[in-house]
Structures are given as structure tokens and as C-alpha cells.
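Dropping target-v9.tsv in here (TSV, C-alpha atoms):
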```tsv
chain	number	residue	atom	x	y	z
A	1	MET	CA	61.15	-82.06	133.18
A	2	GLU	CA	64.39	-81.55	135.05
A	3	THR	CA	67.54	-80.38	133.32
A	4	LEU	CA	71.09	-81.20	134.34
A	5	ILE	CA	73.83	-78.87	133.18
A	6	ILE	CA	77.31	-80.36	133.33
A	7	ILE	CA	80.33	-78.12	133.87
A	8	ASP	CA	83.54	-80.00	133.13
A	9	GLN	CA	86.00	-77.16	132.57
A	10	ALA	CA	87.91	-75.11	135.09
A	11	PRO	CA	86.64	-71.56	135.67
A	12	TYR	CA	88.28	-68.44	134.12
A	13	GLY	CA	90.12	-70.22	131.27
A	14	GLY	CA	87.07	-70.09	129.01
A	15	PHE	CA	83.66	-68.46	128.84
A	16	SER	CA	81.50	-71.52	128.25
A	17	GLY	CA	81.12	-72.34	131.94
A	18	ARG	CA	79.84	-68.89	132.78
A	19	GLU	CA	77.43	-69.02	129.89
A	20	ALA	CA	76.24	-72.44	131.11
A	21	LEU	CA	75.63	-70.93	134.53
A	22	ASP	CA	73.56	-68.17	132.89
A	23	MET	CA	71.50	-70.89	131.23
A	24	ALA	CA	70.89	-72.52	134.60
A	25	PHE	CA	69.85	-69.22	136.21
A	26	SER	CA	67.58	-68.54	133.27
A	27	LEU	CA	65.80	-71.90	133.57
A	28	ALA	CA	65.39	-71.32	137.31
A	29	ALA	CA	64.01	-67.82	136.69
A	30	PHE	CA	61.25	-69.39	134.58
A	31	ASP	CA	60.54	-72.03	137.25
A	32	GLN	CA	62.08	-74.87	135.24
A	33	PRO	CA	63.84	-77.36	137.52
A	34	VAL	CA	67.58	-77.35	136.93
A	35	SER	CA	70.65	-78.77	138.66
A	36	LEU	CA	74.37	-78.39	138.04
A	37	LEU	CA	77.00	-81.12	138.03
A	38	PHE	CA	80.66	-80.20	138.38
A	39	THR	CA	83.00	-82.85	137.13
A	40	GLY	CA	86.59	-83.17	135.86
A	41	ALA	CA	88.42	-79.84	136.09
A	42	GLY	CA	84.98	-78.28	136.58
A	43	VAL	CA	85.09	-79.11	140.32
A	44	ASN	CA	87.49	-76.19	140.67
A	45	TRP	CA	84.44	-73.94	140.43
A	46	LEU	CA	83.71	-75.08	143.97
A	47	ARG	CA	87.07	-74.12	145.45
A	48	LYS	CA	86.91	-71.59	148.25
A	49	GLY	CA	88.90	-68.37	148.37
A	50	GLN	CA	88.95	-67.56	144.65
A	51	MET	CA	90.47	-64.15	143.87
A	52	PRO	CA	89.91	-63.45	140.17
A	53	ASP	CA	90.03	-59.64	140.55
A	54	GLU	CA	93.58	-59.52	139.26
A	55	ILE	CA	92.54	-61.08	135.95
A	56	TYR	CA	89.51	-58.76	135.73
A	57	GLN	CA	86.99	-61.54	136.13
A	58	LYS	CA	84.01	-61.93	138.42
A	59	SER	CA	84.19	-64.61	141.08
A	60	VAL	CA	82.28	-67.74	140.06
A	61	GLU	CA	82.33	-68.65	143.74
A	62	LYS	CA	80.17	-65.58	144.45
A	63	ASN	CA	77.99	-66.41	141.43
A	64	LEU	CA	77.43	-69.94	142.65
A	65	SER	CA	76.60	-68.89	146.21
A	66	ALA	CA	73.49	-67.24	144.71
A	67	ALA	CA	72.38	-70.50	143.09
A	68	PRO	CA	70.07	-71.72	145.89
A	69	VAL	CA	68.52	-68.24	146.20
A	70	PHE	CA	67.69	-68.24	142.50
A	71	GLY	CA	66.11	-71.67	142.69
A	72	ILE	CA	68.78	-73.99	141.30
A	73	GLU	CA	67.73	-77.35	142.71
A	74	LYS	CA	70.99	-79.19	143.32
A	75	LEU	CA	74.69	-78.49	143.09
A	76	LEU	CA	76.43	-81.81	142.52
A	77	ALA	CA	80.18	-82.51	142.61
A	78	ASP	CA	81.71	-85.66	141.19
A	79	GLU	CA	83.51	-87.57	143.92
A	80	THR	CA	86.42	-88.92	141.86
A	81	SER	CA	87.08	-85.47	140.39
A	82	CYS	CA	87.08	-83.90	143.89
A	83	LEU	CA	89.69	-86.46	144.95
A	84	ARG	CA	91.79	-85.81	141.86
A	85	TYR	CA	91.80	-82.05	142.47
A	86	ASN	CA	92.30	-82.47	146.22
A	87	LEU	CA	89.00	-80.94	147.25
A	88	ASP	CA	87.82	-82.16	150.65
A	89	LYS	CA	84.10	-82.46	151.21
A	90	GLU	CA	84.49	-80.04	154.13
A	91	ASP	CA	85.99	-77.42	151.83
A	92	LEU	CA	83.04	-77.36	149.45
A	93	PRO	CA	80.47	-74.56	149.64
A	94	ALA	CA	77.37	-75.26	151.74
A	95	GLY	CA	74.71	-77.25	149.96
A	96	VAL	CA	76.99	-79.00	147.48
A	97	VAL	CA	76.27	-82.73	147.29
A	98	VAL	CA	79.14	-85.08	146.41
A	99	VAL	CA	78.02	-87.89	144.11
A	100	ASP	CA	79.54	-90.91	142.47
A	101	THR	CA	78.49	-89.93	138.94
A	102	ASP	CA	77.15	-93.00	137.21
A	103	ALA	CA	74.55	-93.67	134.56
A	104	LYS	CA	71.85	-93.72	137.23
A	105	VAL	CA	72.57	-90.16	138.35
A	106	ILE	CA	72.51	-88.91	134.75
A	107	ALA	CA	69.38	-90.90	133.92
A	108	SER	CA	67.46	-89.26	136.76
A	109	PHE	CA	67.28	-86.08	134.64
A	110	THR	CA	65.02	-85.59	131.62
A	111	GLN	CA	67.54	-83.49	129.79
A	112	VAL	CA	71.32	-83.27	130.10
A	113	LEU	CA	73.50	-80.65	128.49
A	114	PHE	CA	77.11	-79.58	128.46
A	115	ALA	CA	78.62	-76.16	128.57
A	116	GLY	CA	80.04	-75.36	125.15
B	1	MET	CA	45.59	-88.92	113.61
B	2	SER	CA	46.57	-85.34	114.00
B	3	ASP	CA	47.86	-83.07	111.26
B	4	ALA	CA	50.40	-81.63	113.65
B	5	PRO	CA	53.96	-82.83	113.09
B	6	ASP	CA	55.09	-85.55	115.47
B	7	ASN	CA	58.33	-83.90	116.42
B	8	THR	CA	59.48	-80.36	116.86
B	9	PHE	CA	63.14	-79.57	117.22
B	10	SER	CA	65.01	-76.65	118.64
B	11	LEU	CA	68.61	-76.18	117.62
B	12	VAL	CA	71.19	-74.46	119.80
B	13	ILE	CA	74.44	-73.49	118.07
B	14	THR	CA	77.34	-72.52	120.35
B	15	GLY	CA	80.25	-72.99	117.94
B	16	ALA	CA	81.33	-70.11	115.68
B	17	PRO	CA	81.45	-70.44	111.88
B	18	TYR	CA	84.93	-70.99	110.38
B	19	SER	CA	86.42	-71.86	113.75
B	20	SER	CA	84.15	-74.83	114.35
B	21	GLN	CA	82.08	-77.23	112.29
B	22	ALA	CA	79.00	-76.61	114.47
B	23	PRO	CA	76.99	-74.23	112.19
B	24	GLN	CA	77.44	-76.45	109.12
B	25	THR	CA	76.55	-79.65	110.98
B	26	ALA	CA	73.52	-77.88	112.42
B	27	LEU	CA	72.43	-76.76	108.94
B	28	ALA	CA	72.71	-80.31	107.58
B	29	PHE	CA	70.66	-81.52	110.56
B	30	ALA	CA	68.07	-78.77	110.08
B	31	LYS	CA	67.64	-79.69	106.40
B	32	ALA	CA	67.18	-83.35	107.36
B	33	VAL	CA	64.54	-82.38	109.93
B	34	VAL	CA	62.54	-80.41	107.36
B	35	ASP	CA	62.99	-83.07	104.66
B	36	SER	CA	61.57	-85.66	107.07
B	37	GLY	CA	58.44	-83.57	107.55
B	38	HIS	CA	59.21	-82.41	111.07
B	39	LEU	CA	59.17	-78.87	112.35
B	40	ILE	CA	61.90	-76.65	113.71
B	41	ASP	CA	60.57	-74.50	116.51
B	42	ARG	CA	63.52	-72.14	116.44
B	43	VAL	CA	67.27	-71.83	116.20
B	44	PHE	CA	69.10	-70.25	119.11
B	45	LEU	CA	72.63	-68.89	118.80
B	46	TYR	CA	74.56	-68.85	122.04
B	47	GLY	CA	78.14	-68.09	123.04
B	48	ASP	CA	80.46	-67.99	120.01
B	49	GLY	CA	77.57	-69.25	117.89
B	50	VAL	CA	76.26	-65.66	117.60
B	51	HIS	CA	78.92	-64.90	114.95
B	52	LEU	CA	76.76	-66.84	112.50
B	53	ALA	CA	74.37	-63.86	112.43
B	54	SER	CA	77.00	-61.37	111.26
B	55	THR	CA	76.58	-59.39	108.03
B	56	LEU	CA	80.33	-58.78	107.96
B	57	ILE	CA	81.60	-62.28	107.23
B	58	ALA	CA	83.26	-62.59	103.82
B	59	PRO	CA	84.78	-66.03	103.27
B	60	PRO	CA	86.70	-66.86	100.05
B	61	SER	CA	84.28	-67.34	97.15
B	62	ASP	CA	85.00	-71.07	96.84
B	63	GLU	CA	83.91	-71.71	100.43
B	64	LEU	CA	80.36	-72.07	101.74
B	65	HIS	CA	79.05	-68.73	103.01
B	66	LEU	CA	77.56	-70.06	106.25
B	67	PRO	CA	75.65	-66.93	107.37
B	68	HIS	CA	74.04	-66.66	103.91
B	69	ALA	CA	73.33	-70.40	103.66
B	70	TRP	CA	71.66	-70.31	107.08
B	71	SER	CA	69.72	-67.12	106.23
B	72	GLU	CA	68.35	-68.72	103.06
B	73	PHE	CA	67.27	-71.82	104.97
B	74	LEU	CA	65.59	-69.78	107.73
B	75	THR	CA	63.73	-67.56	105.26
B	76	GLU	CA	62.66	-70.42	102.98
B	77	HIS	CA	61.25	-72.50	105.85
B	78	LYS	CA	60.07	-69.56	107.98
B	79	VAL	CA	62.12	-70.73	110.96
B	80	PRO	CA	62.67	-68.10	113.66
B	81	ALA	CA	66.28	-67.63	114.72
B	82	VAL	CA	67.44	-65.81	117.81
B	83	ALA	CA	70.90	-64.72	118.91
B	84	CYS	CA	71.33	-64.43	122.67
B	85	ILE	CA	71.59	-60.76	123.53
B	86	ALA	CA	74.24	-61.16	126.28
B	87	SER	CA	76.44	-63.33	124.04
B	88	ALA	CA	75.92	-61.00	121.07
B	89	LEU	CA	76.70	-57.74	122.85
B	90	ARG	CA	79.91	-59.14	124.33
B	91	ARG	CA	81.07	-60.25	120.89
B	92	GLY	CA	80.18	-57.18	118.87
B	93	LEU	CA	77.00	-58.46	117.21
B	94	VAL	CA	74.38	-55.68	117.34
B	95	ASN	CA	71.19	-54.83	115.50
B	96	GLN	CA	69.93	-51.29	114.89
B	97	GLU	CA	68.14	-51.16	118.24
B	98	GLU	CA	71.23	-52.15	120.25
B	99	GLN	CA	73.40	-49.84	118.16
B	100	ASP	CA	71.16	-46.94	119.20
B	101	ARG	CA	70.94	-48.07	122.83
B	102	TYR	CA	74.71	-48.36	123.28
B	103	GLU	CA	75.57	-45.57	120.85
B	104	LEU	CA	77.77	-47.84	118.72
B	105	GLY	CA	79.22	-47.02	115.32
B	106	ALA	CA	77.46	-49.72	113.30
B	107	SER	CA	75.06	-52.63	113.34
B	108	ASN	CA	75.74	-56.00	111.75
B	109	VAL	CA	72.97	-58.55	112.30
B	110	LEU	CA	71.45	-60.37	109.31
B	111	PRO	CA	67.68	-59.81	108.93
B	112	ALA	CA	66.94	-63.54	109.40
B	113	PHE	CA	68.14	-63.27	113.00
B	114	GLU	CA	66.60	-61.53	115.99
B	115	ILE	CA	68.37	-60.57	119.17
B	116	ALA	CA	66.66	-61.65	122.40
B	117	GLY	CA	67.29	-63.13	125.82
B	118	LEU	CA	67.77	-66.64	127.16
B	119	GLY	CA	64.02	-66.74	127.87
B	120	GLU	CA	63.62	-67.65	124.18
B	121	TRP	CA	65.81	-70.70	124.75
B	122	VAL	CA	63.88	-71.66	127.89
B	123	GLU	CA	60.60	-71.45	125.96
B	124	SER	CA	61.88	-73.52	123.05
B	125	ASN	CA	63.20	-76.04	125.56
B	126	VAL	CA	59.73	-76.48	127.01
B	127	LYS	CA	57.87	-76.47	123.69
B	128	SER	CA	60.03	-78.76	121.55
B	129	THR	CA	60.22	-82.52	121.56
B	130	ARG	CA	64.00	-82.28	121.38
B	131	THR	CA	66.57	-79.54	121.85
B	132	ILE	CA	69.80	-80.39	120.05
B	133	TYR	CA	73.11	-78.70	120.82
B	134	PHE	CA	75.85	-78.02	118.29
B	135	HIS	CA	79.06	-77.24	120.16
B	136	ALA	CA	82.53	-76.43	118.92
B	137	GLY	CA	83.98	-79.54	120.53
B	138	SER	CA	87.28	-79.39	122.36
```
How does this structure look as C-alpha cells?
Amino acid sequence: METLIIIDQAPYGGFSGREALDMAFSLAAFDQPVSLLFTGAGVNWLRKGQMPDEIYQKSVEKNLSAAPVFGIEKLLADETSCLRYNLDKEDLPAGVVVVDTDAKVIASFTQVLFAG
Amino acid sequence: MSDAPDNTFSLVITGAPYSSQAPQTALAFAKAVVDSGHLIDRVFLYGDGVHLASTLIAPPSDELHLPHAWSEFLTEHKVPAVACIASALRRGLVNQEEQDRYELGASNVLPAFEIAGLGEWVESNVKSTRTIYFHAGS
């Protein structure tokens, strides 16, 4: 049973994305296969050089860099959304796979859930 | 033929009462599950959903008291309910144990709800036929 967690909101504006990430880490900690898909404004999670110190938040960039270590299977980024937010493939963190999100991608997971 | 119910459900509520419809929709769903002879493995409150477990909610008397309505349902059908500890602590939802641990001035969690970690959600995810999410919507 593999779970896909979809993050479709930009970081820092709300808490649901961070809580979705905690869910992913928690599944991984119990050896349950889990992947993350960033789509829509959510692809901004993958932007390099985030400096959220001034708004007293922790960097989601740093959080995400730990994902492979903690056993998150795949980090997926929606291609169209990356284009819309002007994110080049070369600018994405190592290990992120750009996908054309279609029904087939979603259907390859047993369970799909959204953050908040 | 087994006597065991065909389907077990876990419910995850992430929308807060009185700012979203999520807890009421979830309660209607939960009642339908039980009425259909299925089983609810557990209810998990996450994010803003933890406010449902508060003893300090006092809506006007002509409105549904969601924390009480949920508590009655949980007690009547012996359904375990868990509020995520990280979500709860951030939002000021604490039981006696957490009040003591963090030396806080009060505790405010209804007896029908426990406070525990995301591991409870992971377990329900594995055990249930379906895990259904009740979000606030955007």
C-alpha cells in the first residue's frame, strides 16, 4: 500500500502543508511507503534559497532535504506548475522528479490524500 | 461467512468546528457507517480539527454543540478518538498529563478524546478498509 500526499499550497502562508509533511515522515517512520507530489502553488516548496527566518518560520527546504534520509520514496513536482511558477528543472533540489500529473500517476498509488 | 464487519473506517477530521463544516459532516458520515452495520476503527483529529476535543466551547443554545454531539456518539458506540499531540499542543488543547508536563494553567480535553501521536493515524491507516478525510475546504 503506497500513499501519495499532495501539497498544493505555497509554504509559510498556512500550516496544512507542514502538517502534511509530518504525516509523510510519520508514515515513513513506520515503514509505510509514501511519496509527495507538489503541484499548483505547492511547487514553491521546492524553490532554493528560502529564508523564512525573518517570519520566524523553519525552512521547508531544509525539512524536505531530510525526506530521502527518512525514507520518503519519491518527491514529485508537477511539470505544468513548475513552468507556471518559473521553476527550472535544474533549480529543483536533488532527487525531485518532474512529472506530467495525469490520472495514471495518481492511480499508481493505493491511497491519495491532500493537505488540509 | 464471517461475523466480522466487512468494512472498517477511520475518520480524520482536519477542519475546526464553527469555522468549517468538517466535524458535522464527519459526524453524519460516522452515524451512517454505524447504521449500516460497519465499524469505525477510530477518529483522528489533526490540525485545526483538534478544537473539536475542547471542553471550553460554548456555542449559542440554539446551535448544535459539536464537541458534545461527537462525545455522545463516541461514548455510545465505543469508538476511540485521538487528537494529534503536536497539533493539540500548538493550539492550546491539553489534557491533565500535558498540563503537568508543560506546567500550564489548565487542561481542556473532553474525556471521549485521547491525546497521542501520528503513529495512531498510521496504524488506523493500515488497519481500516478506508480512511476518510474531512477537511475545511478552501
Considering only C-alpha atoms, tabulate each residue of chain B that lies at most 10 Å from chain A along with its nearest interatomic pair and the corresponding distance in Å to one decimal; arrange the rows by chain and ascending residue number and present them as JSON lines.
```
{"residue": "B:Ile13", "atom": "CA", "partner": "A:Gly116", "partner_atom": "CA", "distance": 9.2}
{"residue": "B:Thr14", "atom": "CA", "partner": "A:Gly116", "partner_atom": "CA", "distance": 6.2}
{"residue": "B:Gly15", "atom": "CA", "partner": "A:Gly116", "partner_atom": "CA", "distance": 7.6}
{"residue": "B:Tyr46", "atom": "CA", "partner": "A:Glu19", "partner_atom": "CA", "distance": 8.4}
{"residue": "B:Gly47", "atom": "CA", "partner": "A:Glu19", "partner_atom": "CA", "distance": 6.9}
{"residue": "B:Asp48", "atom": "CA", "partner": "A:Gly116", "partner_atom": "CA", "distance": 9.0}
{"residue": "B:Gly49", "atom": "CA", "partner": "A:Gly116", "partner_atom": "CA", "distance": 9.8}
{"residue": "B:Ala86", "atom": "CA", "partner": "A:Glu19", "partner_atom": "CA", "distance": 9.2}
{"residue": "B:Ser87", "atom": "CA", "partner": "A:Glu19", "partner_atom": "CA", "distance": 8.2}
{"residue": "B:Gly117", "atom": "CA", "partner": "A:Ser26", "partner_atom": "CA", "distance": 9.2}
{"residue": "B:Leu118", "atom": "CA", "partner": "A:Ser26", "partner_atom": "CA", "distance": 6.4}
{"residue": "B:Gly119", "atom": "CA", "partner": "A:Ser26", "partner_atom": "CA", "distance": 6.7}
{"residue": "B:Glu120", "atom": "CA", "partner": "A:Ser26", "partner_atom": "CA", "distance": 10.0}
{"residue": "B:Trp121", "atom": "CA", "partner": "A:Met23", "partner_atom": "CA", "distance": 8.6}
{"residue": "B:Val122", "atom": "CA", "partner": "A:Leu27", "partner_atom": "CA", "distance": 6.0}
{"residue": "B:Glu123", "atom": "CA", "partner": "A:Phe30", "partner_atom": "CA", "distance": 8.9}
{"residue": "B:Asn125", "atom": "CA", "partner": "A:Leu27", "partner_atom": "CA", "distance": 9.4}
{"residue": "B:Val126", "atom": "CA", "partner": "A:Met1", "partner_atom": "CA", "distance": 8.4}
{"residue": "B:Arg130", "atom": "CA", "partner": "A:Gln111", "partner_atom": "CA", "distance": 9.2}
{"residue": "B:Thr131", "atom": "CA", "partner": "A:Gln111", "partner_atom": "CA", "distance": 8.9}
{"residue": "B:Ile132", "atom": "CA", "partner": "A:Leu113", "partner_atom": "CA", "distance": 9.2}
{"residue": "B:Tyr133", "atom": "CA", "partner": "A:Leu113", "partner_atom": "CA", "distance": 7.9}
{"residue": "B:Phe134", "atom": "CA", "partner": "A:Gly116", "partner_atom": "CA", "distance": 8.5}
{"residue": "B:His135", "atom": "CA", "partner": "A:Gly116", "partner_atom": "CA", "distance": 5.4}
{"residue": "B:Ala136", "atom": "CA", "partner": "A:Gly116", "partner_atom": "CA", "distance": 6.8}
{"residue": "B:Gly137", "atom": "CA", "partner": "A:Gly116", "partner_atom": "CA", "distance": 7.4}
{"residue": "B:Ser138", "atom": "CA", "partner": "A:Gly116", "partner_atom": "CA", "distance": 8.7}
```
_Residues near segment 88-105 of chain B, anyone? I mean within 12 Å using only C-alpha atoms, not counting same-chain ones fewer than 3 positions away, as an MDAnalysis selection string._
(chainID A and resid 15 19) or (chainID B and resid 14 16 44:57 82:85 108:118)
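With only C-alpha atoms as the basis for measurement, A:Glu2 is the residue among A:Glu2, A:Asp53, A:Asp100, A:Asp88 that approaches Leu36 of chain A most closely.
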Set the distance at 10 Å and use all atoms listed in the file: which residues neighbour Lys62 of chain A once local chain neighbours fewer than 5 positions away are removed? I'd like the list as a PDB file with C-alpha atoms, in the frame of the given file.
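Output below, filename out33.pdb:
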```pdb
ATOM      1  CA  LYS A  48      86.910 -71.590 148.250  1.00  0.00           C
ATOM      2  CA  GLY A  49      88.900 -68.370 148.370  1.00  0.00           C
ATOM      3  CA  GLN A  50      88.950 -67.560 144.650  1.00  0.00           C
ATOM      4  CA  ALA A  67      72.380 -70.500 143.090  1.00  0.00           C
TER       5      ALA A  67
END
```
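Using only C-alpha atoms, the nearest neighbour of Glu61 of chain A within the list A:Thr101, A:Thr80, A:Pro11, A:Glu73 is A:Pro11.
Computed from the coordinates, the atom CA of Ala77 of chain A to atom CA of Gly17 of chain A distance equals 14.8 Å.
Going from atom CA of Ile6 of chain A over to atom CA of Tyr18 of chain B, you cover 25.9 Å.
The environment of Leu76 of chain A within 9 Å, counting all atoms listed in the file and disregarding residues fewer than 3 places along the same chain, consists of A:Ser35, A:Leu36, A:Leu37, A:Phe38, A:Thr39, A:Gly95, A:Val96, A:Val97, A:Val98, A:Val99.
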_Please report the interatomic distance between atom CA of Thr129 of chain B and atom CA of Leu66 of chain B in Å with one decimal._
26.3 Å
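The point (88.2, -77.1, 150.8) has these residues within 12 Å of it when all atoms listed in the file are used: Val43, Asn44, Trp45, Leu46, Arg47, Lys48, Gly49, Gln50, Cys82, Leu83, Tyr85, Asn86, Leu87, Asp88, Lys89, Glu90, Asp91, Leu92, Pro93, Ala94 and Val96 of chain A.
For Phe73 of chain B, the residues within 9 Å (counting only C-alpha atoms, excluding itself and residues fewer than 4 positions away along the chain) are Leu27, Ala30, Lys31, His68, Ala69, His77, Lys78 and Val79 of chain B.
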